[in-house]
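Below you'll find the structure, written out as structure tokens, and then a few comments.
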Amino acid sequence: MEKKILRAGLVGLGGMGRGHLGNYLKFNAEGDIIELVAVCDIDPSKFEKADIKFNLESEKNDADCSAFRRYTSMDDMLANEELDMVTIALPTYLHCEATVKFLEAGVHVLCEKPMGLTLEQCDTMIETAKRCGKQLMIGQCLRFWEEYRQLKQIVEDGTYGKPLSGFFYRGGQTPRWNVDGVENWYLKKECGGGAIIDQHVHDVDMVQYLYGMPKAVSSVGMVVHPGCNFETVTTNYIYEDGKSINAQNDWNWTGQPFFMGYRANFAEGSVRWENGQFIKAGPGEKMTQYELAKSNAYYNETRYFAECIRDGKENTINPPESSRDTIRLVLAEIASCEQNGAPVEL
Ligand SMILES: NC(=O)c1ccc[n+]([C@@H]2O[C@H](COP(=O)([O-])OP(=O)(O)OC[C@H]3O[C@@H](n4cnc5c(N)ncnc54)[C@H](O)[C@@H]3O)[C@@H](O)[C@H]2O)c1
């Protein structure tokens with residue numbers, strides 16, 4: 001039986017949208033599961049060739065959009081296209097509104113992280129997907145990132161014994177790739193939510209994906225740019241069994257490129273991903289560095305989402321209810337930061 005090729009749209013062609021565009025070009029060339037047919041950005045200059053200085057070097061591409069139907073309004077796109085799925089790569093404050101619009105028009109939605117700025121937004125998105133019988137997934141891409149997939153496997157297998165400690169970090173320069181002639185929505189609390197929601201959310205999602213929801217969090221952080229939310233944060237995740245899990249984020253590093261990594265220790269083994277090196281030691285083994293197969297998490301997440309739609313597969317890796325839990329955790333961290341580290345129960 002011939003398998004269906006899903007007709008896809010892409011909304012938002014800024015830094016992240018360009019990354020998705022690169023992957024869609026790959027899907028179109030492969031021709032087996034997805035075909036990008038239309039793109040949308042309120043700013044038509046985004047359809048031209050572009051070389052955006054984004055924080056993820058590997059995601060850059062400078063293609064123009066002449067191969068696709070182009071729209072400057074989501075409503076026009078919906079009125080003229082019969083889409084099966086859409087990727088939403090809009091500024092965070094538009095995630096809920098755009099997701100609801102596409103779900104209600106019968107389109108499956110892959111929306112960029114963070115899911116929303118409030119739990120009400122997350123609930124609206126989940127309820128709309130259920131009501132419309134369409135799939136919703138949030139781009140919590142670490143779940144599809146090889147180094148984190150390996151760690152998840154180690155935790156699940158239990159071969160390294162019980163988790164003792166874990167440290168997760170990411171940081172780099174303040175996001176400014178989108179500020180040509182416009183205000184930077186990333187630095188407005190009500191638009192981007194600060195580094196704590198925008199960037200730290202990746203590690204928060206990984207912490208709860210790996211170890212489950214903690215019973216409380218204790219966080220401290222600083223607002224660096226007036227009008228923004230917390231832009232530095234360090235959090236201790238408090239679990240019943242006392243394991244030491246923490247995560248740190250800071251997007252104010254002068255002159256340093258974006259970086260991320262982790263260290264995770266277990267009763268009988270350990271694993272580190274630092275400076276691009278993946279190093280682990282299982283029970284009775286010596287510490288060894290491994291070359292992991294190159295893979296692109298954004299490509300992987302989009303393919304997985306498309307397979308769930310095409311094959312009627314349940315999304316077990318990254319369901320939207322879990323992304324809501326991640327936002328619940330971040331909001332508890334914000335409440336703790338506001339009380340200078342006082343524990344906040346979940
Ligand atoms: N998964 C990741 O690793 C990752 C990395 C970076 C950013 N993101 C997320 O991706 C999202 C987009 O971030 P970005 O850096 O690409 O932002 P950006 O500001 O660079 O791009 C946003 C684009 O949306 C367009 N836009 C704004 N309003 C619109 C509207 N009403 N209709 C159509 N287009 C509209 C803008 O013109 C712009 O081109 C954010 O939520 C961000 O947190 C995810």
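We label chains A, B, ... in the order they appear in the structure tokens, count residues from 1 in each chain, and number ligands from 1 in the order shown.
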
Just the residues within 7 Å of Lys280 (chain A), please, counting only C-alpha atoms, with nothing from its chain fewer than 6 positions along; format it as a PyMOL selection string. chain A and resi 270-272+287-289

File dump, residues just selected, C-alpha atoms, as a PDB file, in the first residue's frame:
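The resulting result35.pdb:
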ATOM      1  CA  SER A 270      28.325   7.682  34.936  1.00  0.00           C
ATOM      2  CA  VAL A 271      27.838   9.686  31.759  1.00  0.00           C
ATOM      3  CA  ARG A 272      28.962  13.149  30.725  1.00  0.00           C
ATOM      4  CA  MET A 287      35.653   5.796  31.215  1.00  0.00           C
ATOM      5  CA  THR A 288      35.414   5.863  27.394  1.00  0.00           C
ATOM      6  CA  GLN A 289      34.648   8.553  24.864  1.00  0.00           C
TER       7      GLN A 289
END

Residues within 12 Å of Pro343 (chain A), only C-alpha atoms, excluding chain neighbours under 3 positions, as a PyMOL selection string: chain A and resi 214-220+235-239+332-340+346

Same residues, N, CA and C atoms, saved as an mmCIF file, in the first residue's frame:
data_model
loop_
_atom_site.group_PDB
_atom_site.id
_atom_site.type_symbol
_atom_site.label_atom_id
_atom_site.label_comp_id
_atom_site.auth_asym_id
_atom_site.auth_seq_id
_atom_site.Cartn_x
_atom_site.Cartn_y
_atom_site.Cartn_z
ATOM 1 N N PRO A 214 9.720 16.495 40.332
ATOM 2 C CA PRO A 214 10.213 16.592 41.712
ATOM 3 C C PRO A 214 9.079 16.989 42.650
ATOM 4 N N LYS A 215 9.307 16.852 43.966
ATOM 5 C CA LYS A 215 8.233 17.279 44.881
ATOM 6 C C LYS A 215 8.295 18.790 45.139
ATOM 7 N N ALA A 216 9.466 19.391 44.912
ATOM 8 C CA ALA A 216 9.599 20.842 45.078
ATOM 9 C C ALA A 216 10.812 21.332 44.281
ATOM 10 N N VAL A 217 10.881 22.647 44.088
ATOM 11 C CA VAL A 217 12.060 23.245 43.450
ATOM 12 C C VAL A 217 12.536 24.414 44.299
ATOM 13 N N SER A 218 13.830 24.664 44.241
ATOM 14 C CA SER A 218 14.398 25.860 44.859
ATOM 15 C C SER A 218 15.290 26.521 43.814
ATOM 16 N N SER A 219 14.953 27.765 43.448
ATOM 17 C CA SER A 219 15.663 28.438 42.348
ATOM 18 C C SER A 219 16.070 29.844 42.750
ATOM 19 N N VAL A 220 17.213 30.283 42.246
ATOM 20 C CA VAL A 220 17.557 31.703 42.314
ATOM 21 C C VAL A 220 17.899 32.176 40.908
ATOM 22 N N THR A 235 18.644 25.944 39.596
ATOM 23 C CA THR A 235 17.543 25.278 40.307
ATOM 24 C C THR A 235 17.996 23.965 40.910
ATOM 25 N N ASN A 236 17.619 23.732 42.154
ATOM 26 C CA ASN A 236 17.724 22.404 42.751
ATOM 27 C C ASN A 236 16.347 21.757 42.687
ATOM 28 N N TYR A 237 16.301 20.550 42.109
ATOM 29 C CA TYR A 237 15.053 19.790 42.021
ATOM 30 C C TYR A 237 15.034 18.830 43.208
ATOM 31 N N ILE A 238 14.021 18.955 44.037
ATOM 32 C CA ILE A 238 14.010 18.210 45.305
ATOM 33 C C ILE A 238 13.145 16.960 45.147
ATOM 34 N N TYR A 239 13.809 15.799 45.283
ATOM 35 C CA TYR A 239 13.126 14.502 45.156
ATOM 36 C C TYR A 239 13.086 13.820 46.514
ATOM 37 N N ALA A 332 6.909 27.137 38.701
ATOM 38 C CA ALA A 332 7.269 26.965 40.118
ATOM 39 C C ALA A 332 8.670 27.527 40.363
ATOM 40 N N GLU A 333 9.568 27.354 39.397
ATOM 41 C CA GLU A 333 10.923 27.904 39.531
ATOM 42 C C GLU A 333 10.888 29.436 39.567
ATOM 43 N N ILE A 334 10.031 30.019 38.728
ATOM 44 C CA ILE A 334 9.901 31.486 38.740
ATOM 45 C C ILE A 334 9.405 31.945 40.110
ATOM 46 N N ALA A 335 8.403 31.225 40.649
ATOM 47 C CA ALA A 335 7.868 31.590 41.982
ATOM 48 C C ALA A 335 8.970 31.473 43.034
ATOM 49 N N SER A 336 9.823 30.482 42.910
ATOM 50 C CA SER A 336 10.922 30.313 43.866
ATOM 51 C C SER A 336 11.955 31.437 43.707
ATOM 52 N N CYS A 337 12.300 31.777 42.451
ATOM 53 C CA CYS A 337 13.231 32.898 42.206
ATOM 54 C C CYS A 337 12.702 34.180 42.839
ATOM 55 N N GLU A 338 11.381 34.376 42.731
ATOM 56 C CA GLU A 338 10.783 35.615 43.276
ATOM 57 C C GLU A 338 10.883 35.665 44.799
ATOM 58 N N GLN A 339 11.093 34.485 45.403
ATOM 59 C CA GLN A 339 11.266 34.435 46.871
ATOM 60 C C GLN A 339 12.716 34.085 47.220
ATOM 61 N N ASN A 340 13.610 34.395 46.280
ATOM 62 C CA ASN A 340 15.051 34.194 46.483
ATOM 63 C C ASN A 340 15.415 32.789 46.963
ATOM 64 N N LEU A 346 5.396 21.274 44.181
ATOM 65 C CA LEU A 346 4.663 21.023 42.926
ATOM 66 C C LEU A 346 3.345 20.357 43.237
#

Any idea what's packed within 9 Å of Leu292 (chain A), counting only C-alpha atoms, ignoring anything in its chain fewer than 5 positions away? Could you give it as a CSV table (one decimal) with all heavy atoms, in the first residue's frame?
chain,number,residue,atom,x,y,z
A,146,GLU,N,20.5,13.1,20.1
A,146,GLU,CA,21.1,11.8,20.4
A,146,GLU,C,21.8,11.7,21.8
A,146,GLU,O,21.6,10.7,22.5
A,146,GLU,CB,22.2,11.5,19.3
A,146,GLU,CG,22.6,10.1,19.2
A,146,GLU,CD,21.5,9.0,19.3
A,146,GLU,OE1,20.4,9.2,18.7
A,146,GLU,OE2,21.7,7.9,19.9
A,147,GLU,N,22.5,12.7,22.2
A,147,GLU,CA,23.2,12.7,23.5
A,147,GLU,C,22.2,12.5,24.7
A,147,GLU,O,22.5,11.9,25.7
A,147,GLU,CB,24.0,13.9,23.7
A,147,GLU,CG,25.3,13.9,22.9
A,147,GLU,CD,25.1,14.3,21.4
A,147,GLU,OE1,23.9,14.6,21.0
A,147,GLU,OE2,26.1,14.4,20.7
A,278,PHE,N,31.1,13.0,24.4
A,278,PHE,CA,30.2,12.1,25.1
A,278,PHE,C,31.0,10.9,25.7
A,278,PHE,O,31.7,10.1,25.0
A,278,PHE,CB,29.2,11.5,24.1
A,278,PHE,CG,28.2,10.6,24.7
A,278,PHE,CD1,27.0,11.1,25.4
A,278,PHE,CD2,28.3,9.2,24.6
A,278,PHE,CE1,26.1,10.3,25.9
A,278,PHE,CE2,27.4,8.4,25.2
A,278,PHE,CZ,26.3,8.9,25.9

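Here CA of Phe47 (chain A) and CA of Ile88 (chain A) stand 15.8 Å from one another.
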
As number ranges by chain, which residues of region 71-272 of chain A does DSSP assign to strand (DSSP E)? A: 71, 85-88, 108-112, 136-139, 163-171, 216-222, 232-238, 244-250, 259-266, 269-272

Would you give me, as an NGL selection string, the residues in region 101-266 of chain A that DSSP reads as helix (DSSP H, G or I)? :A and (101-104 or 119-132 or 141-144 or 146-157 or 185-187 or 189-192 or 194-198 or 200-211)

Only C-alpha atoms, please: the residues just picked out, written as a JSON list (two decimals), in the first residue's frame.
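Generated file (result38.json):
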[["chain", "number", "residue", "atom", "x", "y", "z"],
["A", 101, "LYS", "CA", -6.24, 28.50, 14.77],
["A", 102, "PHE", "CA", -4.61, 25.60, 12.92],
["A", 103, "LEU", "CA", -6.11, 22.83, 15.08],
["A", 104, "GLU", "CA", -9.59, 24.27, 14.59],
["A", 119, "LEU", "CA", -0.82, 27.05, 32.23],
["A", 120, "GLU", "CA", -4.07, 28.48, 30.85],
["A", 121, "GLN", "CA", -2.45, 28.70, 27.40],
["A", 122, "CYS", "CA", -1.18, 25.11, 27.68],
["A", 123, "ASP", "CA", -4.63, 23.87, 28.73],
["A", 124, "THR", "CA", -6.32, 25.69, 25.85],
["A", 125, "MET", "CA", -3.92, 24.09, 23.37],
["A", 126, "ILE", "CA", -4.44, 20.58, 24.78],
["A", 127, "GLU", "CA", -8.23, 20.92, 25.03],
["A", 128, "THR", "CA", -8.44, 22.24, 21.46],
["A", 129, "ALA", "CA", -6.37, 19.35, 20.09],
["A", 130, "LYS", "CA", -8.67, 16.87, 21.87],
["A", 131, "ARG", "CA", -11.84, 18.61, 20.74],
["A", 132, "CYS", "CA", -10.66, 18.75, 17.13],
["A", 141, "CYS", "CA", 13.77, 18.84, 20.85],
["A", 142, "LEU", "CA", 16.15, 17.39, 23.46],
["A", 143, "ARG", "CA", 13.93, 14.31, 23.56],
["A", 144, "PHE", "CA", 15.11, 13.69, 19.98],
["A", 146, "GLU", "CA", 21.13, 11.77, 20.38],
["A", 147, "GLU", "CA", 23.17, 12.66, 23.50],
["A", 148, "TYR", "CA", 19.99, 13.02, 25.57],
["A", 149, "ARG", "CA", 18.39, 9.95, 24.00],
["A", 150, "GLN", "CA", 21.40, 7.95, 25.17],
["A", 151, "LEU", "CA", 20.99, 9.30, 28.69],
["A", 152, "LYS", "CA", 17.27, 8.53, 28.69],
["A", 153, "GLN", "CA", 18.09, 4.97, 27.64],
["A", 154, "ILE", "CA", 20.57, 4.61, 30.51],
["A", 155, "VAL", "CA", 17.99, 5.83, 33.03],
["A", 156, "GLU", "CA", 15.26, 3.58, 31.59],
["A", 157, "ASP", "CA", 17.43, 0.46, 31.29],
["A", 185, "TRP", "CA", 10.43, 40.17, 21.83],
["A", 186, "TYR", "CA", 12.85, 37.75, 23.55],
["A", 187, "LEU", "CA", 13.70, 40.45, 26.12],
["A", 189, "LYS", "CA", 8.71, 39.29, 29.94],
["A", 190, "GLU", "CA", 5.19, 39.12, 28.48],
["A", 191, "CYS", "CA", 6.42, 38.02, 25.03],
["A", 192, "GLY", "CA", 9.26, 35.59, 25.59],
["A", 194, "GLY", "CA", 12.99, 35.42, 29.77],
["A", 195, "ALA", "CA", 15.74, 32.79, 29.60],
["A", 196, "ILE", "CA", 14.04, 30.83, 32.36],
["A", 197, "ILE", "CA", 11.07, 30.02, 30.11],
["A", 198, "ASP", "CA", 12.70, 30.34, 26.74],
["A", 200, "HIS", "CA", 16.15, 26.83, 30.52],
["A", 201, "VAL", "CA", 12.85, 25.10, 29.58],
["A", 202, "HIS", "CA", 14.91, 22.60, 27.56],
["A", 203, "ASP", "CA", 16.75, 21.34, 30.65],
["A", 204, "VAL", "CA", 13.60, 21.48, 32.79],
["A", 205, "ASP", "CA", 11.88, 19.27, 30.24],
["A", 206, "MET", "CA", 14.82, 16.85, 30.31],
["A", 207, "VAL", "CA", 14.93, 16.72, 34.12],
["A", 208, "GLN", "CA", 11.28, 15.72, 34.43],
["A", 209, "TYR", "CA", 11.51, 13.38, 31.38],
["A", 210, "LEU", "CA", 14.44, 11.55, 32.98],
["A", 211, "TYR", "CA", 13.67, 11.60, 36.70]]

Write out as a ChimeraX atom specification each polymer residue (protein, DNA or RNA) that has an atom no more than 7 Å from ligand 1, with only C-alpha atoms and all ligand atoms counted. /A:11-17,40-43,46,72-74,89-92,112-114,139-141,177-178,198

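A straight line drawn from CA of Phe68 (chain A) to CA of Glu35 (chain A) is 10.2 Å long.
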
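Using only C-alpha atoms, the shortest contact distance between Asn23 (chain A) and any of A:Arg328, A:Ala297, A:Asn249, A:Gly242 is found at A:Ala297.
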
Show which residues sit within 10 Å of Val37 (chain A), as a short mmCIF file (atom, residue, chain, number, x, y, z; two decimals) with all heavy atoms, in the first residue's frame. Count only C-alpha atoms, and ignore same-chain residues fewer than 5 positions away.
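Now in out_36.cif:
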data_model
loop_
_atom_site.label_atom_id
_atom_site.label_comp_id
_atom_site.auth_asym_id
_atom_site.auth_seq_id
_atom_site.Cartn_x
_atom_site.Cartn_y
_atom_site.Cartn_z
N LEU A 6 2.39 13.68 3.71
CA LEU A 6 1.65 14.75 4.39
C LEU A 6 2.00 16.11 3.80
O LEU A 6 3.19 16.41 3.61
CB LEU A 6 1.99 14.73 5.89
CG LEU A 6 1.74 13.41 6.62
CD1 LEU A 6 2.33 13.47 8.02
CD2 LEU A 6 0.25 13.12 6.68
N ARG A 7 0.97 16.93 3.56
CA ARG A 7 1.21 18.29 3.08
C ARG A 7 1.44 19.19 4.28
O ARG A 7 0.59 19.28 5.18
CB ARG A 7 0.01 18.81 2.30
CG ARG A 7 -0.11 18.23 0.89
CD ARG A 7 -1.49 18.38 0.40
NE ARG A 7 -2.39 17.85 1.45
CZ ARG A 7 -3.62 17.44 1.23
NH1 ARG A 7 -4.14 17.50 0.06
NH2 ARG A 7 -4.37 16.97 2.23
N ALA A 8 2.59 19.85 4.29
CA ALA A 8 2.97 20.64 5.48
C ALA A 8 3.06 22.12 5.17
O ALA A 8 3.34 22.53 4.03
CB ALA A 8 4.31 20.14 6.01
N GLY A 9 2.82 22.92 6.22
CA GLY A 9 3.04 24.36 6.16
C GLY A 9 4.05 24.73 7.24
O GLY A 9 4.22 24.00 8.22
N LEU A 10 4.72 25.85 7.04
CA LEU A 10 5.68 26.35 8.04
C LEU A 10 5.34 27.82 8.30
O LEU A 10 5.25 28.61 7.36
CB LEU A 10 7.10 26.22 7.49
CG LEU A 10 8.24 26.87 8.28
CD1 LEU A 10 8.33 26.31 9.70
CD2 LEU A 10 9.58 26.67 7.55
N TYR A 24 12.82 20.75 6.21
CA TYR A 24 11.74 20.50 5.24
C TYR A 24 12.30 20.32 3.82
O TYR A 24 11.80 19.52 3.04
CB TYR A 24 10.71 21.63 5.28
CG TYR A 24 9.62 21.40 6.30
CD1 TYR A 24 9.35 22.31 7.32
CD2 TYR A 24 8.82 20.25 6.25
CE1 TYR A 24 8.35 22.09 8.26
CE2 TYR A 24 7.83 20.01 7.18
CZ TYR A 24 7.59 20.94 8.17
OH TYR A 24 6.60 20.70 9.09
N ASN A 28 11.46 17.18 1.56
CA ASN A 28 10.96 17.28 0.18
C ASN A 28 11.86 16.49 -0.77
O ASN A 28 11.36 15.80 -1.68
CB ASN A 28 10.90 18.74 -0.27
CG ASN A 28 9.67 19.44 0.29
OD1 ASN A 28 9.06 18.95 1.25
ND2 ASN A 28 9.31 20.58 -0.27
N ALA A 67 10.17 28.16 -4.00
CA ALA A 67 9.62 26.85 -4.37
C ALA A 67 8.27 26.58 -3.69
O ALA A 67 7.62 25.58 -4.00
CB ALA A 67 10.62 25.75 -4.00
N PHE A 68 7.87 27.45 -2.77
CA PHE A 68 6.64 27.20 -2.00
C PHE A 68 5.65 28.35 -2.19
O PHE A 68 6.03 29.47 -2.49
CB PHE A 68 6.97 27.08 -0.50
CG PHE A 68 8.16 26.20 -0.25
CD1 PHE A 68 9.37 26.73 0.13
CD2 PHE A 68 8.06 24.83 -0.48
CE1 PHE A 68 10.48 25.92 0.31
CE2 PHE A 68 9.16 24.01 -0.30
CZ PHE A 68 10.37 24.55 0.10
N ARG A 69 4.35 28.04 -1.94
CA ARG A 69 3.37 29.13 -1.94
C ARG A 69 3.62 29.96 -0.68
O ARG A 69 3.88 29.40 0.39
CB ARG A 69 1.96 28.58 -1.99
CG ARG A 69 1.66 27.95 -3.37
CD ARG A 69 0.24 27.43 -3.48
NE ARG A 69 0.00 26.21 -2.73
CZ ARG A 69 0.33 24.98 -3.14
NH1 ARG A 69 0.93 24.80 -4.31
NH2 ARG A 69 0.08 23.92 -2.39
N ARG A 70 3.56 31.29 -0.81
CA ARG A 70 4.00 32.16 0.27
C ARG A 70 2.85 33.04 0.74
O ARG A 70 2.13 33.61 -0.08
CB ARG A 70 5.18 33.04 -0.21
CG ARG A 70 6.36 32.20 -0.68
CD ARG A 70 7.44 33.01 -1.37
NE ARG A 70 7.04 33.60 -2.65
CZ ARG A 70 6.94 32.94 -3.80
NH1 ARG A 70 7.19 31.64 -3.84
NH2 ARG A 70 6.57 33.55 -4.91
N GLU A 81 -5.01 26.63 1.38
CA GLU A 81 -4.24 25.39 1.41
C GLU A 81 -5.05 24.29 2.10
O GLU A 81 -5.87 24.57 2.97
CB GLU A 81 -2.93 25.59 2.20
CG GLU A 81 -1.99 26.62 1.62
CD GLU A 81 -1.39 26.19 0.28
OE1 GLU A 81 -1.26 24.99 0.03
OE2 GLU A 81 -1.05 27.11 -0.51
N GLU A 82 -4.76 23.06 1.70
CA GLU A 82 -5.32 21.91 2.44
C GLU A 82 -4.16 21.20 3.11
O GLU A 82 -3.56 20.28 2.57
CB GLU A 82 -6.05 20.98 1.49
CG GLU A 82 -7.33 21.60 1.00
CD GLU A 82 -8.28 20.59 0.38
OE1 GLU A 82 -7.98 19.39 0.37
OE2 GLU A 82 -9.34 21.07 -0.09
N LEU A 83 -3.82 21.68 4.30
CA LEU A 83 -2.64 21.17 4.98
C LEU A 83 -3.00 20.00 5.87
O LEU A 83 -4.08 19.95 6.47
CB LEU A 83 -2.01 22.27 5.86
CG LEU A 83 -1.55 23.54 5.13
CD1 LEU A 83 -1.09 24.59 6.16
CD2 LEU A 83 -0.43 23.24 4.14
#

Would you mind telling me which residue in A:Asn318, A:Thr302, A:Ser323, A:Asn296 lies nearest to Trp145 (chain A) when using only C-alpha atoms? A:Asn296

Shell of 9 Å around Lys4 (chain A), only C-alpha atoms, local chain residues under 5 positions omitted, as a PyMOL selection string: chain A and resi 32-34+310

Identify, on the basis of only C-alpha atoms, every residue whose closest approach to Asn315 (chain A) does not exceed 10 Å; exclude the query and any residue fewer than 4 positions from it along the same chain; express the result as an MDAnalysis selection string. chainID A and resid 135:137 304:305 307:309 319:320

Export, as an mmCIF file, in the first residue's frame, the selected residues with N, CA, C and O atoms.
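This went into again39.cif:
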data_model
loop_
_atom_site.group_PDB
_atom_site.id
_atom_site.type_symbol
_atom_site.label_atom_id
_atom_site.label_comp_id
_atom_site.auth_asym_id
_atom_site.auth_seq_id
_atom_site.Cartn_x
_atom_site.Cartn_y
_atom_site.Cartn_z
ATOM 1 N N GLN A 135 -3.522 15.971 16.298
ATOM 2 C CA GLN A 135 -2.336 15.791 17.144
ATOM 3 C C GLN A 135 -1.638 17.129 17.379
ATOM 4 O O GLN A 135 -1.570 17.979 16.492
ATOM 5 N N LEU A 136 -1.109 17.234 18.604
ATOM 6 C CA LEU A 136 -0.338 18.427 18.988
ATOM 7 C C LEU A 136 0.956 17.945 19.616
ATOM 8 O O LEU A 136 0.932 17.070 20.497
ATOM 9 N N MET A 137 2.054 18.501 19.163
ATOM 10 C CA MET A 137 3.334 18.197 19.816
ATOM 11 C C MET A 137 4.138 19.491 19.947
ATOM 12 O O MET A 137 4.079 20.356 19.071
ATOM 13 N N TYR A 304 9.175 12.089 13.536
ATOM 14 C CA TYR A 304 8.403 11.314 14.521
ATOM 15 C C TYR A 304 6.949 11.799 14.544
ATOM 16 O O TYR A 304 6.006 11.000 14.555
ATOM 17 N N PHE A 305 6.778 13.120 14.558
ATOM 18 C CA PHE A 305 5.429 13.693 14.583
ATOM 19 C C PHE A 305 4.654 13.252 13.341
ATOM 20 O O PHE A 305 3.487 12.825 13.429
ATOM 21 N N GLU A 307 5.148 10.620 11.520
ATOM 22 C CA GLU A 307 4.853 9.177 11.592
ATOM 23 C C GLU A 307 3.643 8.918 12.497
ATOM 24 O O GLU A 307 2.818 8.052 12.208
ATOM 25 N N CYS A 308 3.570 9.671 13.604
ATOM 26 C CA CYS A 308 2.413 9.516 14.498
ATOM 27 C C CYS A 308 1.118 9.832 13.742
ATOM 28 O O CYS A 308 0.119 9.126 13.876
ATOM 29 N N ILE A 309 1.150 10.899 12.932
ATOM 30 C CA ILE A 309 -0.041 11.293 12.166
ATOM 31 C C ILE A 309 -0.358 10.237 11.101
ATOM 32 O O ILE A 309 -1.463 9.714 11.019
ATOM 33 N N PRO A 319 4.337 13.735 24.513
ATOM 34 C CA PRO A 319 2.933 14.179 24.478
ATOM 35 C C PRO A 319 2.781 15.595 25.064
ATOM 36 O O PRO A 319 3.584 16.005 25.906
ATOM 37 N N PRO A 320 1.766 16.338 24.613
ATOM 38 C CA PRO A 320 1.624 17.729 25.061
ATOM 39 C C PRO A 320 1.379 17.858 26.562
ATOM 40 O O PRO A 320 1.741 18.870 27.164
#

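When CA of Asn252 (chain A) is paired with CA of Asn229 (chain A), their separation reads 13.0 Å.
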
For His225 (chain A), which of A:Thr174, A:Asn275, A:Asn246, A:Thr159 is the closest residue, counting only C-alpha atoms? A:Thr174
